[in-house]
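Q: My structure is below; once you've seen it, I'll send some questions.
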Amino acid sequence: MAAPHPDRLLPADPGVRGLARRLYEQVRELPIVSPHGHVDPRILRDDPPFADPASLFIQPDHYVTRLLHAGGVPLRELGVGEGPLPPDRARHAWRLLCANWHLLRGTPVRYWLESSLADVFGIIARPSAGNADDLYDRIASLLAAPSRRPRALLRQFTIDFLATTDDPADDLAAHRALRDDPAVTTTIAPTFRPDRYLAVDRPGWVADIKQLGGDAGDYAGFLATLADRRRYFIEHGAVSADHGAIDAGAEPLDRPDAERIYRAALAGTVTAAEATAFRRHMIFEMARMSCDDGLVMTLHPGIHRNHHPPTLAAFGPDTGHDIPVAAEFTRALQPLLGRFGTHPGFHLVLFTVDATVYSREIAPLAGFYPAVYAGAPWWFLDNPAEIRRYQQAVTEIAGFSRLSGFIDDTRAFCSIPARHDMSRRLDAGFLASLVAEHRLDEDEALDTLTALVTTQPRTVFKI
Amino acid sequence: MAAPHPDRLLPADPGVRGLARRLYEQVRELPIVSPHGHVDPRILRDDPPFADPASLFIQPDHYVTRLLHAGGVPLRELGVGEGPLPPDRARHAWRLLCANWHLLRGTPVRYWLESSLADVFGIIARPSAGNADDLYDRIASLLAAPSRRPRALLRQFTIDFLATTDDPADDLAAHRALRDDPAVTTTIAPTFRPDRYLAVDRPGWVADIKQLGGDAGDYAGFLATLADRRRYFIEHGAVSADHGAIDAGAEPLDRPDAERIYRAALAGTVTAAEATAFRRHMIFEMARMSCDDGLVMTLHPGIHRNHHPPTLAAFGPDTGHDIPVAAEFTRALQPLLGRFGTHPGFHLVLFTVDATVYSREIAPLAGFYPAVYAGAPWWFLDNPAEIRRYQQAVTEIAGFSRLSGFIDDTRAFCSIPARHDMSRRLDAGFLASLVAEHRLDEDEALDTLTALVTTQPRTVFKI
Amino acid sequence: MAAPHPDRLLPADPGVRGLARRLYEQVRELPIVSPHGHVDPRILRDDPPFADPASLFIQPDHYVTRLLHAGGVPLRELGVGEGPLPPDRARHAWRLLCANWHLLRGTPVRYWLESSLADVFGIIARPSAGNADDLYDRIASLLAAPSRRPRALLRQFTIDFLATTDDPADDLAAHRALRDDPAVTTTIAPTFRPDRYLAVDRPGWVADIKQLGGDAGDYAGFLATLADRRRYFIEHGAVSADHGAIDAGAEPLDRPDAERIYRAALAGTVTAAEATAFRRHMIFEMARMSCDDGLVMTLHPGIHRNHHPPTLAAFGPDTGHDIPVAAEFTRALQPLLGRFGTHPGFHLVLFTVDATVYSREIAPLAGFYPAVYAGAPWWFLDNPAEIRRYQQAVTEIAGFSRLSGFIDDTRAFCSIPARHDMSRRLDAGFLASLVAEHRLDEDEALDTLTALVTTQPRTVFKI
């Protein structure tokens with residue numbers, strides 16, 4: 001393996017590639033806007049050196065660990081769900097990744113890792129059982145250097161805006177510290193993620209809502225408490241609220257029904273059907289609050305969480321066995337959009353892991369409602385083939401102006417620039433293909449590409 | 001912007017493009033057969049000049065208005081749902097289109113408008129806020145010329161056959177006048193579209209069925225009246241009957257059940273479930289009538305109509321917020337095809353806005369039943385990316401002979417040649433790719449392309 | 001038409017094609033491993049000459065007959081569902097195929113037939129009404145030659161491993177004879193296909209289970225009988241058990257419920273809902289047995305069998321009117337995978353005719369569970385466009401190591417090498433495109449391609 005090729009991911013046809021390269025060069029170095037992701041703000045506040053290659057590249061990244069697991073590597077040996085590993089176990093996990101490097105062929109995970117290793121650590125050798133220890137030692141020694149600490153990387157990555165994902169009960173102390181620190185030039189914003197408080201039949205829910213700090217003793221108090229926490233998040237820089245239930249349902253209940261179900265939830269007697277109805281009602285209410293307080297609403301339904309119970313029991317959630325199910329937006333969102341779809345300033349960004357809804361539902365909705373934007377391909381779909389399919393399916397129906405711009409949604413800090421770079425390459429390639437087919441002029445392609453990287457995510461997420 | 005490029009939409013690879021160009025040249029100028037669309041026959045009978053650029057390109061075309069609306073332009077300012085606008089408002093609407101031209105990038109709407117402007121009005125400047133008034137004036141002055149009247153355009157477009165879409169109660173006076181006018185060389189045929197008469201729980205249904213002119217006082221009379229109206233349409237040149245409910249259901253009721261529900265409908269006591277069952281029963285009956293009278297049956301389910309009630313209330317239907325839902329054909333059509341699928345001469349053309357059913361249901365059905373044809377990509381799918389996907393998905397399973405040929409389905413008169421030209425280019429490109437991969441010989445590709453443009457729509461629609 | 005082009009199906013771009021050709025050349029002549037198909041083992045045991053071109057290429061191949069039927073050729077004239085035809089009828093069927101050759105344009109059926117005619121019979125003329133008799137005579141005369149007998153072809157096709165599909169009650173005498181015959185160097189393995197014994201409301205079920213030879217007088221005996229028959233199959237070389245119900249349901253019943261439903265089935269009083277629940281329970285039990293006895297489990301749900309009852313009545317099953325329906329795996333398989341998904345040595349290969357589940361469900365499942373493999377595109381999806389879509393959708397999520405390798409699944413003996421060759425060409429083309437985009441090095445591409453053809457099917461199917 002040599003250094004990552006400058007033309008990687010650009011179209012193979014020489015004519016289109018030349019065009020794509022010209023476009024890409026214009027946006028390659030532009031700063032990153034990352035409106036949704038899962039970086040822990042405390043590593044940016046405290047700026048500790050990363051512990052070791054395993055904790056940086058393997059343990060927190062279920063994209064990596066699930067592929068190794070499918071190939072026969074026990075999650076236990078990778079340190080999944082654990083804190084920092086002792087040095088021998090960290091090295092062992094790294095060796096397993098290198099020895100199983102072939103399992104990643106063809107995946108974006110491989111691409112992100114390769115780019116990160118090259119760009120951050122200068123490593124261009126292909127990982128293998130033979131060089132695992134050498135690579136481990138080189139990365140580990142670099143991790144101790146000031147230039148590889150989180151804040152130094154944040155600067156090198158030229159990230160202008162970075163949103164984290166946060167519990168509504170969070171005191172956002174890390175965000176406050178980052179905002180007040182003049183050495184931090186990146187805007188680091190929290191994101192309001194209330195899912196667990198809207199699932200009223202979840203064990204522990206009654207105790208959890210007390211953590212929100214308001215008086216949630218009745219339904220009115222619950223609404224007021226959530227609205228308060230949203231305000232608190234907005235005061236700390238939040239621009240969006242993020243929602244991810246199993247379906248996209250958003251149907252209001254009559255007030256007495258909402259109150260009744262809320263009482264039943266407090267009493268621990270709520271049924272599953274009532275909890276579902278209440279959750280859908282609350283999504284509607286969250287949209288109403290967004291109309292009031294301006295938080296952009298993001299919605300990403302359709303994941304069956306924790307498909308393998310033994311893995312959940314042993315390693316916790318977010319360990320690689322969340323599996324998509326079919327999504328439906330048209331009917332599910334009709335009540336919400338019928339009410340708020342043209343509300344001035346309301347923004348609803350729709351994500352999916354079910355590619356069938358790009359052309360069938362998301363693009364038609366985004367192609368009429370001023371509120372609706374088509375979120376970038378998410379999670380399992382965050383790869384070149386699906387991004388290309390999404391580009392075609394959505395833009396031919398709704399144009400480019402209804403796209404959210406790229407969302408990295410990552411827990412892997414070092415992969416952020418690689419992911420945005422992949423997106424820029426693919427956008428350049430797609431726009432080049434439109435120019436090559438004489439459907440767009442080159443100046444329009446450049447203008448569109450620049451907007452996708454700069455103004456569009458800022459407009460959609462009100463940054 | 002220069003004139004539309006002669007190679008636009010052809011494959012980018014130089015070798016394949018050369019082949020595609022050769023194929024395309026052979027069919028480029030062949031007359032148009034348009035078996036399904038929404039042109040108002042009265043403009044062809046009365047041949048008035050088009051009023052202004054807004055009424056020609058904006059007001060009637062929900063493809064255009066929905067994109068502008070999503071981009072923040074109020075439908076009111078575009079004159080949606082209104083008749084001819086006063087000159088200042090027409091000019092204002094046109095300015096809004098030009099100033100928001102970037103919203104159309106990447107869409108077929110842009111392509112159709114560009115082609116229409118160039119081919120019909122000689123305009124090759126890219127519309128913008130800066131040149132909006134100039135373009136308006138140029139188009140407006142040309143609209144007064146005899147050569148831009150509807151009939152003159154019909155001749156210039158070389159349309160051999162044009163089907164309209166008509167209410168079963170229509171007296172078809174316009175069609176009669178057109179048929180009897182020796183100056184009209186295009187065959188202009190009505191299409192029987194009975195949806196509203198089959199929705200027996202629709203407000204106004206009882207009054208509406210009286211407009212049909214028969215004795216619909218009981219179920220037998222209702223059937224007879226519909227059969228009569230079909231005969232009347234056939235006498236006026238109709239070749240097909242068009243059906244578009246929310247689902248593809250086609251299941252017969254027992255006669256007593258049908259009679260009972262019909263009575264309940266007349267009495268205004270029918271339930272929603274009964275109305276659905278009756279509508280599915282009537283689709284079955286429409287197929288039976290097609291077996292008897294020979295009208296080709298077209299079916300395009302899967303649209304959630306009028307998704308945004310405030311827009312419906314303010315601007316009426318067909319204003320850009322009809323949104324697709326998932327479609328299902330295999331089970332829904334089993335009763336109908338089990339009964340009529342091999343009936344000699346019965347033709348059933350299936351359309352969808354749910355691209356998942358191309359390979360899963362439509363092509364397998366069309367690849368067995370002599371009655372079933374795969375309708376061209378419809379509505380939201382009427383764009384290059386989806387047409388290519390459809391070509392691949394359907395032809396690899398069912399071959400080319402089961403395709404309907406292109407359907408423009410448009411309300412935008414000037415876009416008819418641009419839409420057919422887009423289809424011919426894409427067909428040429430797809431066939432060229434098969435030749436380039438040595439899966440088809442060039443003479444076969446040309447024969448297939450010619451059939452798709454000439455004999456195939458005539459065979460499928462019995463023209 | 002000339003001889004099949006050496007570059008057919010390789011990517012059109014000259015640079016990528018050169019790369020693809022290099023890769024393809026390395027695997028072109030490697031022996032075939034065919035882990036799932038429908039060849040009748042008796043033709044290999046008895047080695048009779050094939051009767052005539054119709055019985056070789058038309059009668060048993062519903063891919064061919066359904067396309068001709070859709071084009072208007074009655075199945076009766078093709079000898080569908082009949083044994084060997086008298087010479088005049090065989091010739092007539094062949095003439096119909098040749099005269100309707102254009103109906104196959106763009107389909108893989110045409111490709112397979114073309115390849116078979118060229119490779120096995122040296123025929124490179126394009127079939128037509130004009131040369132039908134000549135082609136018939138040439139093929140018929142060659143069929144009498146020893147070199148065109150089934151065993152000779154098996155050798156020429158260099159098939160190392162060939163699995164058939166067999167009824168659990170089969171005595172496997174043909175397989176025993178083939179195994180004991182030193183002249184047969186191909187391993188010919190039976191496959192355990194128990195569907196009809198798991199459908200307890202099927203007419204004839206009570207009589208059929210008696211054919212299994214065990215004591216199926218109660219539920220425990222039924223389980224024991226099935227386990228016995230699996231052992232018998234394993235002793236005769238079986239490596240897998242194959243399951244194809246309408247859905248992928250796999251949910252265990254409590255033992256008393258299973259026993260109760262089994263008794264009702266014996267008594268003929270079982271309801272449709274009970275039978276469905278029992279079938280899903282038995283799929284779960286089949287997985288449990290696979291964990292015990294090691295048979296690879298293959299699952300291919302989602303086919304609505306015998307869609308056209310009159311054709312079923314006249315010609316029997318497997319006559320071209322099995323039509324796909326939407327498939328769902330995530331929820332349906334959760335109980336099974338929650339229990340057995342990480343069981344050492346358990347292999348579950350998932351097939352689909354619903355392409356929407358590649359990226360939504362199959363790849364995410366195969367990308368976590370060590371047990372799950374993504375089966376090759378099946379049936380209607382076994383064509384170049386869908387294979388490319390599958391390659392992209394699955395490998396970007398789960399890598400190459402989770403693919404099953406190619407499955408021909410054919411009843412058409414002569415098409416086996418053509419089908420595997422098509423797959424190798426498409427794999428080479430896809431891998432070449434990854435190299436061209438600098439996502440994979442060429443040595444990795446070659447290694448991957450070789451594995452897909454050699455080690456991977458052997459690993460997945462435990463051959």
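Residue names in the structure tokens use chain letters A, B, ... in the order shown, residue numbers from 1 in each chain, and ligand numbers from 1 in the order shown.
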Residues within 12 Å of Arg458 (chain C), please, as a count of residues only. Count only C-alpha atoms; anything in the same chain fewer than 2 positions from it doesn't count.

A: 26

Q: Write out as a list in words each polymer residue whose atoms come within 12 Å of Thr269 (chain A), counting only C-alpha atoms; drop sequence neighbours fewer than 4 positions from it.

A: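 Listed by chain and then number, they are Val200, Asp201, Arg202, Pro203, Val206, Arg260, Ile261, Tyr262, Arg263, Ala264, Ala265, Ala273, Glu274 and Ala275 of chain A.
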
Q: Would you kindly report the residues of chain A within 8 Å of chain C, using only C-alpha atoms, as number ranges by chain?

A: A: 1, 4-5, 7-13, 66-67, 69-72, 103-108, 111, 304, 307-310, 320-321, 323-326, 353-356, 380-381, 383-386

Q: Separation of CA of Val184 (chain B) and CA of Glu114 (chain B), in Å?

A: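 Distance reported for this atom pair: 27.9 Å.
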
Q: For Asp215 (chain B), find every residue with an atom within 9 Å (counting only C-alpha atoms), except residues of its own chain fewer than 5 positions away, and show them as a list in words.

A: Lys210, Gly221, Phe222, Ala224 and Thr225 of chain B

Q: Write the selection just made, keeping all heavy atoms, as a PDB file, in the first residue's frame?

A:
```pdb
ATOM      1  N   LYS B 210     -75.152  10.954 -10.662  1.00  0.00           N
ATOM      2  CA  LYS B 210     -76.291  11.360 -11.507  1.00  0.00           C
ATOM      3  C   LYS B 210     -75.806  12.052 -12.770  1.00  0.00           C
ATOM      4  O   LYS B 210     -76.504  12.060 -13.783  1.00  0.00           O
ATOM      5  CB  LYS B 210     -77.220  12.279 -10.721  1.00  0.00           C
ATOM      6  CG  LYS B 210     -77.868  11.510  -9.562  1.00  0.00           C
ATOM      7  CD  LYS B 210     -78.968  12.272  -8.863  1.00  0.00           C
ATOM      8  CE  LYS B 210     -79.581  11.386  -7.775  1.00  0.00           C
ATOM      9  NZ  LYS B 210     -79.760  12.084  -6.514  1.00  0.00           N
ATOM     10  N   GLY B 221     -77.659  -0.960 -12.193  1.00  0.00           N
ATOM     11  CA  GLY B 221     -77.725   0.243 -13.020  1.00  0.00           C
ATOM     12  C   GLY B 221     -76.399   0.993 -13.034  1.00  0.00           C
ATOM     13  O   GLY B 221     -76.005   1.559 -14.064  1.00  0.00           O
ATOM     14  N   PHE B 222     -75.720   0.964 -11.889  1.00  0.00           N
ATOM     15  CA  PHE B 222     -74.410   1.620 -11.802  1.00  0.00           C
ATOM     16  C   PHE B 222     -73.417   0.961 -12.757  1.00  0.00           C
ATOM     17  O   PHE B 222     -72.720   1.635 -13.532  1.00  0.00           O
ATOM     18  CB  PHE B 222     -73.927   1.536 -10.350  1.00  0.00           C
ATOM     19  CG  PHE B 222     -72.582   2.125 -10.090  1.00  0.00           C
ATOM     20  CD1 PHE B 222     -72.344   3.492 -10.252  1.00  0.00           C
ATOM     21  CD2 PHE B 222     -71.541   1.329  -9.627  1.00  0.00           C
ATOM     22  CE1 PHE B 222     -71.096   4.037  -9.979  1.00  0.00           C
ATOM     23  CE2 PHE B 222     -70.296   1.866  -9.353  1.00  0.00           C
ATOM     24  CZ  PHE B 222     -70.067   3.220  -9.537  1.00  0.00           C
ATOM     25  N   ALA B 224     -74.158  -0.792 -15.391  1.00  0.00           N
ATOM     26  CA  ALA B 224     -74.589  -0.550 -16.769  1.00  0.00           C
ATOM     27  C   ALA B 224     -74.221   0.857 -17.209  1.00  0.00           C
ATOM     28  O   ALA B 224     -73.802   1.089 -18.358  1.00  0.00           O
ATOM     29  CB  ALA B 224     -76.107  -0.783 -16.884  1.00  0.00           C
ATOM     30  N   THR B 225     -74.370   1.808 -16.293  1.00  0.00           N
ATOM     31  CA  THR B 225     -74.043   3.190 -16.626  1.00  0.00           C
ATOM     32  C   THR B 225     -72.561   3.340 -16.942  1.00  0.00           C
ATOM     33  O   THR B 225     -72.169   4.011 -17.910  1.00  0.00           O
ATOM     34  CB  THR B 225     -74.430   4.106 -15.444  1.00  0.00           C
ATOM     35  OG1 THR B 225     -75.830   3.984 -15.214  1.00  0.00           O
ATOM     36  CG2 THR B 225     -74.063   5.552 -15.737  1.00  0.00           C
TER      37      THR B 225
END
```

Q: Of the candidates C:Ala428, C:Pro150, C:Leu212, C:Val109, which one gets nearest to Asp228 (chain C) if we count only C-alpha atoms?

A: C:Leu212

Q: Can you pull out the residues contacting Ile283 (chain C)? Cut-off 12 Å, using only C-alpha atoms, and skip same-chain residues under 6 positions away; I want them as a ChimeraX atom specification.

A: /C:193-195,197-199,223,241-245,247-253,276-277,289-290,297-301,332-333,335-337,348

Q: Write down as number ranges by chain the residues belonging to region 22-209 of chain B that are assigned helix (DSSP H, G or I) by DSSP computed on the backbone.

A: B: 22-27, 41-46, 53-57, 62-70, 75-78, 87-99, 101-104, 108-121, 132-143, 146-148, 150-156, 173-180, 195-198, 205-209

Q: What is the distance, in Å and to one decimal place, between CA of Thr191 (chain A) and CA of Pro168 (chain A)?

A: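 For CA of Thr191 (chain A) relative to CA of Pro168 (chain A), the distance reads 8.6 Å.
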